[in-house]
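Pasting my_file32.txt here (compact mmCIF, C-alpha atoms):
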# COMPACT_ATOMS: atom_id res chain seq x y z
CA MET M 1 -124.90 143.38 -72.88
CA GLY M 2 -121.30 143.46 -73.93
CA LYS M 3 -120.36 143.20 -70.32
CA PHE M 4 -117.77 140.53 -70.71
CA ASN M 5 -115.60 142.00 -73.39
CA LYS M 6 -115.58 145.48 -72.10
CA ASN M 7 -111.90 145.53 -71.18
CA ALA M 8 -110.73 142.86 -73.64
CA LYS M 9 -107.96 143.91 -75.94
CA LYS M 10 -108.06 143.10 -79.53
CA GLY M 11 -105.75 140.30 -80.81
CA THR M 12 -104.79 136.94 -79.39
CA PRO M 13 -103.66 136.83 -75.78
CA GLU M 14 -100.13 135.73 -75.02
CA ILE M 15 -99.71 132.11 -74.01
CA ASN M 16 -97.87 131.55 -70.78
CA THR M 17 -94.80 129.51 -71.64
CA GLY M 18 -93.48 129.26 -68.13
CA SER M 19 -94.79 125.75 -67.59
CA MET M 20 -93.36 124.48 -70.85
CA SER M 21 -89.90 124.18 -69.39
CA ASP M 22 -91.35 122.13 -66.55
CA ILE M 23 -92.83 119.68 -69.02
CA ILE M 24 -89.58 119.46 -70.95
CA PHE M 25 -87.65 118.90 -67.75
CA MET M 26 -89.97 116.10 -66.82
CA LEU M 27 -89.34 114.48 -70.20
CA LEU M 28 -85.64 115.00 -69.69
CA PHE M 29 -85.64 113.29 -66.32
CA PHE M 30 -87.68 110.43 -67.73
CA PHE M 31 -85.10 109.82 -70.43
CA MET M 32 -82.23 110.20 -68.01
CA VAL M 33 -83.69 107.58 -65.72
CA ILE M 34 -84.66 104.94 -68.26
CA THR M 35 -81.52 105.06 -70.36
CA THR M 36 -78.19 103.58 -69.55
CA MET M 37 -75.07 105.24 -70.78
CA ARG M 38 -72.80 102.85 -72.49
CA GLU M 39 -69.70 102.82 -70.32
CA SER M 40 -67.16 101.83 -72.86
CA THR M 41 -66.77 102.74 -76.49
CA LEU M 42 -66.78 99.71 -78.68
CA PHE M 43 -63.69 98.87 -80.66
CA VAL M 44 -65.14 95.69 -82.05
CA ARG M 45 -68.13 95.26 -84.29
CA ILE M 46 -70.94 93.35 -82.66
CA ASN M 47 -73.96 92.04 -84.44
CA PRO M 48 -75.52 89.64 -81.97
CA PRO M 49 -77.28 86.46 -83.07
CA ALA M 50 -81.01 86.15 -82.49
CA ALA M 51 -82.64 83.79 -80.03
CA THR M 52 -86.13 83.27 -78.65
CA GLU M 53 -85.43 81.78 -75.23
CA VAL M 54 -84.00 84.95 -73.81
CA GLN M 55 -83.92 86.25 -70.30
CA LYS M 56 -83.45 89.80 -69.18
CA LEU M 57 -80.23 90.63 -67.46
CA GLU M 58 -81.04 91.51 -63.92
CA LYS M 59 -79.18 94.02 -61.82
CA LYS M 60 -77.21 95.92 -64.40
CA SER M 61 -74.69 97.04 -61.81
CA LEU M 62 -73.58 93.46 -61.21
CA VAL M 63 -72.89 92.68 -64.83
CA SER M 64 -69.48 92.83 -66.43
CA PHE M 65 -69.24 92.73 -70.19
CA ILE M 66 -66.84 90.94 -72.45
CA TYR M 67 -67.04 91.98 -76.09
CA ILE M 68 -65.81 89.71 -78.83
CA GLY M 69 -65.89 90.61 -82.49
CA PRO M 70 -63.93 91.74 -85.52
CA PRO M 71 -62.17 95.06 -84.79
CA MET M 72 -63.54 98.21 -86.37
CA ASP M 73 -60.07 99.52 -87.01
CA ALA M 74 -58.83 96.76 -89.26
CA GLN M 75 -55.54 98.51 -90.02
CA LYS M 76 -54.54 98.61 -86.41
CA PHE M 77 -55.90 95.35 -85.06
CA GLY M 78 -56.39 93.19 -88.12
CA THR M 79 -59.59 91.45 -89.12
CA GLU M 80 -59.54 88.46 -86.78
CA PRO M 81 -62.05 88.64 -83.91
CA ARG M 82 -60.60 90.21 -80.80
CA ILE M 83 -61.66 90.51 -77.19
CA GLN M 84 -62.45 93.87 -75.69
CA LEU M 85 -62.42 94.39 -71.94
CA ASN M 86 -63.39 97.81 -70.62
CA ASP M 87 -61.85 100.27 -73.04
CA GLN M 88 -59.18 98.28 -74.75
CA ILE M 89 -58.53 95.32 -76.95
CA SER M 90 -57.16 92.58 -74.74
CA ALA M 91 -55.95 89.03 -74.80
CA VAL M 92 -57.55 85.95 -73.25
CA ARG M 93 -55.05 85.95 -70.39
CA ASP M 94 -56.22 89.42 -69.28
CA ILE M 95 -59.68 88.11 -68.39
CA ALA M 96 -58.68 86.81 -64.96
CA GLN M 97 -57.34 90.23 -64.02
CA PHE M 98 -60.42 91.92 -65.43
CA ILE M 99 -62.82 89.74 -63.44
CA GLU M 100 -60.76 90.30 -60.30
CA THR M 101 -60.93 94.08 -60.75
CA GLU M 102 -64.67 93.89 -61.35
CA ARG M 103 -65.06 91.83 -58.18
CA GLN M 104 -63.07 94.31 -56.13
CA ALA M 105 -65.34 97.10 -57.28
CA ARG M 106 -68.46 95.40 -55.91
CA ASP M 107 -69.75 94.83 -52.43
CA GLU M 108 -68.76 91.55 -50.89
CA VAL M 109 -72.40 90.57 -50.47
CA ASP M 110 -73.07 91.00 -54.17
CA ARG M 111 -70.06 89.12 -55.49
CA PRO M 112 -71.72 85.71 -55.83
CA LEU M 113 -74.49 87.32 -57.87
CA MET M 114 -72.18 88.81 -60.45
CA THR M 115 -72.84 87.84 -64.03
CA THR M 116 -70.55 88.01 -67.00
CA SER M 117 -72.29 88.91 -70.20
CA ILE M 118 -70.57 87.74 -73.34
CA LYS M 119 -71.40 89.99 -76.25
CA ALA M 120 -70.09 88.32 -79.32
CA ASP M 121 -70.56 88.83 -83.01
CA LYS M 122 -72.43 86.25 -85.07
CA SER M 123 -69.38 85.40 -87.12
CA VAL M 124 -67.08 84.70 -84.18
CA LYS M 125 -65.85 81.14 -84.02
CA MET M 126 -66.36 79.00 -80.94
CA GLY M 127 -62.62 78.55 -80.44
CA ILE M 128 -62.08 81.99 -78.99
CA LEU M 129 -65.31 81.71 -77.00
CA THR M 130 -64.22 78.41 -75.50
CA ASP M 131 -60.94 79.97 -74.42
CA VAL M 132 -62.87 82.79 -72.76
CA LYS M 133 -65.18 80.33 -71.02
CA GLN M 134 -62.28 78.25 -69.73
CA GLU M 135 -60.66 81.39 -68.39
CA LEU M 136 -63.90 82.35 -66.63
CA ARG M 137 -64.12 78.89 -65.10
CA LYS M 138 -60.62 79.24 -63.73
CA VAL M 139 -61.53 82.40 -61.84
CA ASN M 140 -64.89 81.03 -60.73
CA ALA M 141 -67.02 83.49 -62.67
CA LEU M 142 -69.57 80.85 -63.49
CA LYS M 143 -72.72 82.84 -64.15
CA ILE M 144 -72.65 83.85 -67.77
CA ASN M 145 -75.08 85.20 -70.28
CA TYR M 146 -74.79 84.91 -74.03
CA SER M 147 -76.04 88.24 -75.22
CA THR M 148 -78.52 87.91 -78.06
CA ALA M 149 -81.11 89.92 -79.86
CA LYS M 150 -84.75 89.04 -79.47
CA GLY M 151 -85.59 86.72 -82.31
CA VAL M 152 -88.87 85.84 -83.88
CA GLU M 153 -90.51 82.56 -83.12
CA ARG M 154 -90.83 80.50 -86.24
CA HIS M 155 -93.65 78.05 -86.41
CA MET R 1 -93.36 151.46 -51.32
CA ALA R 2 -91.65 148.27 -52.40
CA LYS R 3 -90.51 148.25 -55.95
CA LYS R 4 -92.06 145.56 -57.96
CA SER R 5 -89.36 143.05 -58.91
CA PRO R 6 -89.10 142.50 -62.66
CA THR R 7 -90.25 139.13 -63.88
CA ILE R 8 -87.59 136.90 -65.35
CA ASN R 9 -88.26 135.81 -68.84
CA GLY R 10 -88.62 132.04 -68.64
CA GLY R 11 -89.03 131.48 -72.32
CA SER R 12 -85.43 130.57 -72.96
CA MET R 13 -85.43 128.03 -70.17
CA SER R 14 -87.48 125.66 -72.26
CA ASP R 15 -84.95 126.06 -75.07
CA ILE R 16 -82.13 125.05 -72.79
CA SER R 17 -83.98 122.04 -71.49
CA PHE R 18 -84.87 121.09 -75.04
CA LEU R 19 -81.19 121.07 -75.89
CA LEU R 20 -80.47 118.87 -72.91
CA LEU R 21 -83.29 116.57 -73.88
CA THR R 22 -82.04 116.15 -77.44
CA PHE R 23 -78.54 115.54 -76.12
CA PHE R 24 -79.78 112.68 -73.96
CA LEU R 25 -81.93 111.31 -76.73
CA LEU R 26 -78.95 111.16 -79.05
CA THR R 27 -76.28 109.89 -76.71
CA SER R 28 -78.23 107.21 -74.95
CA SER R 29 -79.50 103.98 -76.34
CA ILE R 30 -82.28 102.07 -74.70
CA ASP R 31 -80.55 98.77 -74.91
CA THR R 32 -82.28 96.14 -72.93
CA ASP R 33 -79.80 93.42 -72.40
CA LEU R 34 -81.19 90.07 -73.31
CA GLY R 35 -79.50 86.78 -73.51
CA ILE R 36 -79.39 83.08 -72.84
CA ALA R 37 -78.32 82.50 -69.27
CA ARG R 38 -75.98 79.64 -68.55
CA LYS R 39 -73.99 78.41 -65.63
CA LEU R 40 -70.50 77.11 -66.28
CA PRO R 41 -69.39 74.02 -64.41
CA PRO R 42 -66.90 74.76 -61.63
CA PRO R 43 -63.28 73.89 -62.35
CA LEU R 44 -62.61 70.25 -61.59
CA PRO R 45 -59.56 68.86 -59.86
CA PRO R 46 -57.63 66.67 -62.31
CA ASP R 47 -58.25 63.53 -60.26
CA ALA R 48 -62.04 64.01 -60.09
CA PRO R 49 -63.93 60.82 -60.86
CA LYS R 50 -65.86 60.76 -64.11
CA PRO R 51 -69.59 60.85 -63.55
CA GLU R 52 -71.18 57.65 -64.65
CA ILE R 53 -74.05 58.19 -67.01
CA HIS R 54 -75.71 55.34 -68.76
CA ASP R 55 -75.32 55.52 -72.50
CA ARG R 56 -79.05 55.48 -73.17
CA ASN R 57 -79.45 58.64 -71.09
CA VAL R 58 -77.12 60.74 -73.19
CA PHE R 59 -78.58 62.82 -75.99
CA LYS R 60 -75.61 63.53 -78.20
CA VAL R 61 -75.60 66.77 -80.13
CA ALA R 62 -72.57 67.76 -82.15
CA VAL R 63 -71.84 70.67 -84.45
CA ASN R 64 -68.84 70.65 -86.76
CA PHE R 65 -66.80 73.46 -88.25
CA ARG R 66 -69.11 73.67 -91.25
CA ASP R 67 -72.02 74.36 -88.89
CA GLU R 68 -73.56 70.99 -89.65
CA LEU R 69 -75.62 69.48 -86.90
CA GLN R 70 -75.46 65.87 -85.86
CA VAL R 71 -77.98 64.47 -83.42
CA GLN R 72 -77.54 60.96 -82.01
CA GLY R 73 -75.11 60.11 -84.78
CA LYS R 74 -77.29 61.31 -87.65
CA LEU R 75 -77.29 64.56 -89.59
CA ALA R 76 -80.22 66.71 -88.58
CA ASP R 77 -81.72 70.13 -89.10
CA VAL R 78 -81.83 72.77 -86.38
CA ALA R 79 -85.57 73.12 -86.91
CA ASP R 80 -86.11 69.51 -85.78
CA LEU R 81 -83.77 69.66 -82.81
CA ARG R 82 -86.34 70.96 -80.35
CA ALA R 83 -88.85 68.21 -81.05
CA MET R 84 -86.15 65.53 -80.98
CA ALA R 85 -84.76 66.72 -77.65
CA LYS R 86 -88.23 66.87 -76.14
CA GLU R 87 -89.10 63.42 -77.37
CA PHE R 88 -85.86 62.05 -75.96
CA LEU R 89 -86.17 63.68 -72.56
CA ALA R 90 -89.85 63.08 -71.98
CA ASN R 91 -89.81 59.63 -73.58
CA PRO R 92 -93.60 59.22 -73.53
CA GLY R 93 -93.45 55.74 -75.09
CA ASN R 94 -90.87 54.44 -72.60
CA ASP R 95 -88.60 53.57 -75.49
CA PRO R 96 -85.58 51.65 -74.14
CA LYS R 97 -83.32 53.64 -76.49
CA LYS R 98 -84.37 56.96 -75.01
CA SER R 99 -83.76 58.43 -71.59
CA ASP R 100 -84.62 56.52 -68.46
CA LYS R 101 -86.94 57.86 -65.80
CA LYS R 102 -86.61 57.66 -62.07
CA VAL R 103 -89.54 58.24 -59.75
CA LYS R 104 -88.67 60.95 -57.27
CA ASP R 105 -90.52 62.55 -54.41
CA ILE R 106 -90.80 66.25 -54.97
CA GLU R 107 -92.54 68.69 -52.70
CA LEU R 108 -95.92 69.83 -54.07
CA LEU R 109 -95.77 67.38 -56.95
CA GLY R 110 -95.60 64.08 -55.07
CA SER R 111 -93.95 61.09 -56.68
CA ILE R 112 -93.36 61.80 -60.33
CA PRO R 113 -91.00 60.34 -62.89
CA VAL R 114 -87.97 62.55 -63.50
CA SER R 115 -86.01 62.11 -66.69
CA GLU R 116 -82.43 61.00 -66.26
CA GLY R 117 -81.55 62.35 -69.69
CA VAL R 118 -78.55 64.57 -70.22
CA VAL R 119 -77.91 66.59 -73.33
CA SER R 120 -74.31 66.41 -74.35
CA LEU R 121 -73.30 69.25 -76.62
CA ARG R 122 -70.04 69.11 -78.46
CA ASN R 123 -68.89 71.72 -80.90
CA ASP R 124 -65.83 72.46 -82.92
CA ARG R 125 -63.48 75.38 -82.44
CA GLY R 126 -64.52 76.42 -85.92
CA THR R 127 -68.27 76.39 -85.23
CA SER R 128 -69.76 79.82 -85.64
CA TYR R 129 -71.24 81.55 -82.63
CA GLU R 130 -74.48 82.06 -84.50
CA MET R 131 -74.96 78.33 -84.95
CA TYR R 132 -73.97 77.66 -81.35
CA VAL R 133 -76.56 80.10 -80.07
CA LYS R 134 -79.18 78.59 -82.36
CA VAL R 135 -78.52 75.12 -80.97
CA GLN R 136 -78.42 76.37 -77.38
CA ASN R 137 -81.66 78.21 -78.04
CA GLU R 138 -83.42 75.12 -79.36
CA LEU R 139 -82.22 73.01 -76.44
CA THR R 140 -83.30 75.62 -73.93
CA ALA R 141 -86.64 75.80 -75.68
CA ALA R 142 -87.08 72.04 -75.35
CA PHE R 143 -86.53 72.17 -71.60
CA HIS R 144 -88.70 75.24 -71.35
CA GLU R 145 -91.58 73.57 -73.16
CA LEU R 146 -91.34 70.50 -70.96
CA ARG R 147 -91.46 72.72 -67.89
CA ASN R 148 -94.44 74.58 -69.29
CA GLU R 149 -96.30 71.36 -69.96
CA LEU R 150 -95.69 69.97 -66.48
CA SER R 151 -96.58 73.26 -64.88
CA GLN R 152 -99.80 73.48 -66.88
CA GLU R 153 -100.72 69.97 -65.81
CA LYS R 154 -99.93 70.38 -62.12
CA PHE R 155 -100.66 74.01 -61.38
CA GLY R 156 -102.86 75.02 -64.28
CA MET R 157 -100.60 77.76 -65.55
CA LYS R 158 -97.44 78.20 -67.52
CA PHE R 159 -94.02 77.99 -65.88
CA ASP R 160 -93.34 81.65 -66.67
CA ASP R 161 -96.53 82.68 -64.92
CA LEU R 162 -95.78 80.84 -61.70
CA LYS R 163 -95.35 83.29 -58.88
CA ARG R 164 -94.66 81.19 -55.83
CA GLU R 165 -91.05 80.27 -55.18
CA ASN R 166 -91.73 76.72 -54.08
CA GLN R 167 -93.78 75.97 -57.20
CA ILE R 168 -90.97 77.24 -59.41
CA ALA R 169 -88.43 75.21 -57.47
CA ALA R 170 -90.59 72.08 -57.73
CA ILE R 171 -90.86 72.34 -61.52
CA GLN R 172 -87.16 73.06 -61.83
CA LYS R 173 -86.47 69.91 -59.83
CA ALA R 174 -88.85 67.82 -61.89
CA VAL R 175 -87.38 69.03 -65.21
CA PRO R 176 -83.75 69.86 -64.50
CA LEU R 177 -81.81 71.78 -67.12
CA THR R 178 -79.14 69.27 -67.94
CA ILE R 179 -76.96 70.48 -70.77
CA SER R 180 -73.40 69.34 -70.60
CA GLU R 181 -70.77 70.81 -72.87
CA ALA R 182 -67.82 68.72 -73.88
CA GLU R 183 -64.40 70.09 -74.70
CA PRO R 184 -64.55 71.22 -78.30
CA THR R 185 -62.79 69.44 -81.09
CA SER R 186 -60.46 71.35 -83.34
CA ALA R 187 -60.81 69.77 -86.73
CA GLY R 188 -61.35 72.79 -88.92
CA VAL R 189 -59.00 75.29 -87.36
CA THR R 190 -55.58 76.03 -88.65
CA GLN R 191 -53.51 77.48 -85.89
Just dump the structure as structure tokens.
Amino acid sequence: MGKFNKNAKKGTPEINTGSMSDIIFMLLFFFMVITTMRESTLFVRINPPAATEVQKLEKKSLVSFIYIGPPMDAQKFGTEPRIQLNDQISAVRDIAQFIETERQARDEVDRPLMTTSIKADKSVKMGILTDVKQELRKVNALKINYSTAKGVERH
Amino acid sequence: MAKKSPTINGGSMSDISFLLLTFFLLTSSIDTDLGIARKLPPPLPPDAPKPEIHDRNVFKVAVNFRDELQVQGKLADVADLRAMAKEFLANPGNDPKKSDKKVKDIELLGSIPVSEGVVSLRNDRGTSYEMYVKVQNELTAAFHELRNELSQEKFGMKFDDLKRENQIAAIQKAVPLTISEAEPTSAGVTQ
């Protein structure tokens, strides 16, 4: 009788928190693995249009992005849609150089698989997009992807 | 007698890792990149011969700078575009005004009629990107639905669910994605 709590102290026992950090670290690694850091800061506003027939972009490392949209800093760049390559606002004629640099950065085996993702704002007119597409054709970057948001099927 | 080493207090470690965790949560965005995939035509030499396509095989879609849609010469709504494109390409009634079919031998499918139809998309430099994506989306959906229907009939499952490479290739051959984009007009743009 009373054998079990002979040596027990009064009060709640301390909880071992040593393993908590392990759990948090596991969470941390999970988030580090699944997320992608955005490589470039956006200077243009992009609100993509919605579509239903979307495909996932495969092989993130082989994708180069072209951003087109109205600049965030209207005082500096005006309000007309501009093109952003890497970290700066660029002109259409810079695209060839940009694609060439992107190509050089990849393995030769992977170069035919490279995709150019065009991230454009809803309000952008097709004129600027056509110029971009023509420029891509010239440098033989033929695989493109119109970046869209996942839309809802209407029936 | 060995001195007992003092235990390190590990309580603050979890605080540090919590800080790291919140940092990653805030700075990263789980953006899954989705989009409509397209392949641009390779640059043509200026003396390249024009491909000859019979007029009845061309499904003409045009969008002007006011984002108005014209299908086969008539004003239309984007909501109807999918059905119209499907009807034109599949041509179940063998209407002489709609696309022609040519019987082709395709591995796994045997001899089946393949539509000769080509969608010709023309837009204006002033067309908004939103409208362009909507039209592209509807056209892609039309082809996708045709592929699904054929796949269901031949293999008993949807095109997206097909696993074997040769089955996918066979369906892609039987319903080719033929969207041709013309040079845009520039009616509504002041330059």
Quiz item: Mind pulling up the distance from atom CA of Gln84 of chain M to atom CA of Met72 of chain M?
Solution: 11.6 Å
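As for atom CA of Arg111 of chain M and atom CA of Ser64 of chain M, they are spaced 11.6 Å apart.
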Give one line per residue of chain M that approaches chain R to at most 8 Å, naming the two atoms of the closest pair and their distance in Å to one decimal, counting all atoms listed in the file; sort by chain then ascending residue number and deliver it as JSON lines.
{"residue": "M:Thr17", "atom": "CA", "partner": "R:Gly11", "partner_atom": "CA", "distance": 6.1}
{"residue": "M:Gly18", "atom": "CA", "partner": "R:Gly10", "partner_atom": "CA", "distance": 5.6}
{"residue": "M:Met20", "atom": "CA", "partner": "R:Ser14", "partner_atom": "CA", "distance": 6.2}
{"residue": "M:Ser21", "atom": "CA", "partner": "R:Ser14", "partner_atom": "CA", "distance": 4.0}
{"residue": "M:Asp22", "atom": "CA", "partner": "R:Ser14", "partner_atom": "CA", "distance": 7.7}
{"residue": "M:Ile24", "atom": "CA", "partner": "R:Ser17", "partner_atom": "CA", "distance": 6.2}
{"residue": "M:Phe25", "atom": "CA", "partner": "R:Ser17", "partner_atom": "CA", "distance": 6.1}
{"residue": "M:Leu27", "atom": "CA", "partner": "R:Leu21", "partner_atom": "CA", "distance": 7.4}
{"residue": "M:Leu28", "atom": "CA", "partner": "R:Leu21", "partner_atom": "CA", "distance": 5.1}
{"residue": "M:Phe31", "atom": "CA", "partner": "R:Phe24", "partner_atom": "CA", "distance": 7.0}
{"residue": "M:Met32", "atom": "CA", "partner": "R:Phe24", "partner_atom": "CA", "distance": 6.9}
{"residue": "M:Ile34", "atom": "CA", "partner": "R:Ile30", "partner_atom": "CA", "distance": 7.4}
{"residue": "M:Thr35", "atom": "CA", "partner": "R:Ile30", "partner_atom": "CA", "distance": 5.3}
{"residue": "M:Thr36", "atom": "CA", "partner": "R:Ser28", "partner_atom": "CA", "distance": 6.5}
{"residue": "M:Met37", "atom": "CA", "partner": "R:Ser28", "partner_atom": "CA", "distance": 5.6}
{"residue": "M:Arg38", "atom": "CA", "partner": "R:Ser28", "partner_atom": "CA", "distance": 7.4}
{"residue": "M:Pro49", "atom": "CA", "partner": "R:Glu130", "partner_atom": "CA", "distance": 5.4}
{"residue": "M:Ala50", "atom": "CA", "partner": "R:Lys134", "partner_atom": "CA", "distance": 7.8}
{"residue": "M:Ala51", "atom": "CA", "partner": "R:Asn137", "partner_atom": "CA", "distance": 6.0}
{"residue": "M:Thr52", "atom": "CA", "partner": "R:Asn137", "partner_atom": "CA", "distance": 6.8}
{"residue": "M:Glu53", "atom": "CA", "partner": "R:Asn137", "partner_atom": "CA", "distance": 5.9}
{"residue": "M:Val54", "atom": "CA", "partner": "R:Gly35", "partner_atom": "CA", "distance": 4.9}
{"residue": "M:Gln55", "atom": "CA", "partner": "R:Gly35", "partner_atom": "CA", "distance": 5.5}
{"residue": "M:Lys56", "atom": "CA", "partner": "R:Leu34", "partner_atom": "CA", "distance": 4.7}
{"residue": "M:Leu57", "atom": "CA", "partner": "R:Asp33", "partner_atom": "CA", "distance": 5.7}
{"residue": "M:Ala120", "atom": "CA", "partner": "R:Tyr129", "partner_atom": "CA", "distance": 7.6}
{"residue": "M:Asp121", "atom": "CA", "partner": "R:Tyr129", "partner_atom": "CA", "distance": 7.3}
{"residue": "M:Lys122", "atom": "CA", "partner": "R:Glu130", "partner_atom": "CA", "distance": 4.7}
{"residue": "M:Ser123", "atom": "CA", "partner": "R:Ser128", "partner_atom": "CA", "distance": 5.8}
{"residue": "M:Val124", "atom": "CA", "partner": "R:Tyr129", "partner_atom": "CA", "distance": 5.4}
{"residue": "M:Lys125", "atom": "CA", "partner": "R:Ser128", "partner_atom": "CA", "distance": 4.4}
{"residue": "M:Met126", "atom": "CA", "partner": "R:Arg125", "partner_atom": "CA", "distance": 4.9}
{"residue": "M:Gly127", "atom": "CA", "partner": "R:Arg125", "partner_atom": "CA", "distance": 3.8}
{"residue": "M:Ile128", "atom": "CA", "partner": "R:Arg125", "partner_atom": "CA", "distance": 7.6}
{"residue": "M:Thr130", "atom": "CA", "partner": "R:Arg125", "partner_atom": "CA", "distance": 7.6}
{"residue": "M:Lys133", "atom": "CA", "partner": "R:Leu40", "partner_atom": "CA", "distance": 7.8}
{"residue": "M:Arg137", "atom": "CA", "partner": "R:Pro43", "partner_atom": "CA", "distance": 5.8}
{"residue": "M:Lys138", "atom": "CA", "partner": "R:Pro43", "partner_atom": "CA", "distance": 6.1}
{"residue": "M:Asn140", "atom": "CA", "partner": "R:Pro42", "partner_atom": "CA", "distance": 6.6}
{"residue": "M:Leu142", "atom": "CA", "partner": "R:Leu40", "partner_atom": "CA", "distance": 4.8}
{"residue": "M:Lys143", "atom": "CA", "partner": "R:Lys39", "partner_atom": "CA", "distance": 4.8}
{"residue": "M:Ile144", "atom": "CA", "partner": "R:Arg38", "partner_atom": "CA", "distance": 5.4}
{"residue": "M:Asn145", "atom": "CA", "partner": "R:Ala37", "partner_atom": "CA", "distance": 4.3}
{"residue": "M:Tyr146", "atom": "CA", "partner": "R:Ile36", "partner_atom": "CA", "distance": 5.1}
{"residue": "M:Ser147", "atom": "CA", "partner": "R:Gly35", "partner_atom": "CA", "distance": 4.1}
{"residue": "M:Thr148", "atom": "CA", "partner": "R:Gly35", "partner_atom": "CA", "distance": 4.8}
{"residue": "M:Ala149", "atom": "CA", "partner": "R:Leu34", "partner_atom": "CA", "distance": 6.6}
{"residue": "M:Lys150", "atom": "CA", "partner": "R:Leu34", "partner_atom": "CA", "distance": 7.2}
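For the atom pair formed by atom CA of Arg147 of chain R and atom CA of Val114 of chain R, the distance is 11.6 Å, given to one decimal.
The shell of residues at most 12 Å from Glu52 of chain R, with all atoms listed in the file counted and near chain neighbours (fewer than 6 positions) removed, consists of Val58, Glu116 and Val118 of chain R.
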Would you save the residues of that selection, restricted to C-alpha atoms, as an mmCIF file, in the coordinates of the input?
data_model
loop_
_atom_site.group_PDB
_atom_site.id
_atom_site.type_symbol
_atom_site.label_atom_id
_atom_site.label_comp_id
_atom_site.auth_asym_id
_atom_site.auth_seq_id
_atom_site.Cartn_x
_atom_site.Cartn_y
_atom_site.Cartn_z
ATOM 1 C CA VAL R 58 -77.120 60.740 -73.190
ATOM 2 C CA GLU R 116 -82.430 61.000 -66.260
ATOM 3 C CA VAL R 118 -78.550 64.570 -70.220
#
Practice problem: Just the residues within 8 Å of segment 100-105 of chain R, please, counting all atoms listed in the file, with nothing from its chain fewer than 4 positions along; format it as a PyMOL selection string. | Solution: chain R and resi 56-57+91+94+96+109-117
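Of the residues listed (M:Thr41, M:Gly11, M:Ile23, M:Lys60), M:Lys60 shows the shortest atom-to-atom separation from Ser117 of chain M; distances use all atoms listed in the file.
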Exercise. Excluding Ile106 of chain R and any residue of its chain fewer than 6 positions from it, enumerate the residues within 9 Å of it, using all atoms listed in the file, and give them as a PyMOL selection string.
Key: chain R and resi 112+170-171+173-174
Any chance you could work out the axis-aligned box around segment 77-93 of chain R, listed atoms only, 4 Å on each side, giving centre and edge lengths in Å to one decimal, as lines of an AutoDock Vina configuration file?
center_x = -87.7
center_y = 64.4
center_z = -80.5
size_x = 19.9
size_y = 25.4
size_z = 25.1
Quiz item: segment 77-79 of chain M: which residues within 10 Å, counting all atoms listed in the file, same-chain residues fewer than 5 positions away excluded, as a PyMOL selection string?
Solution: chain M and resi 43-44+69-72+89
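Shortest separation to Asp77 of chain R among R:Ala90, R:Ala62, R:Lys158, R:Leu26 occurs at residue R:Ala62, atoms counted being only C-alpha atoms.
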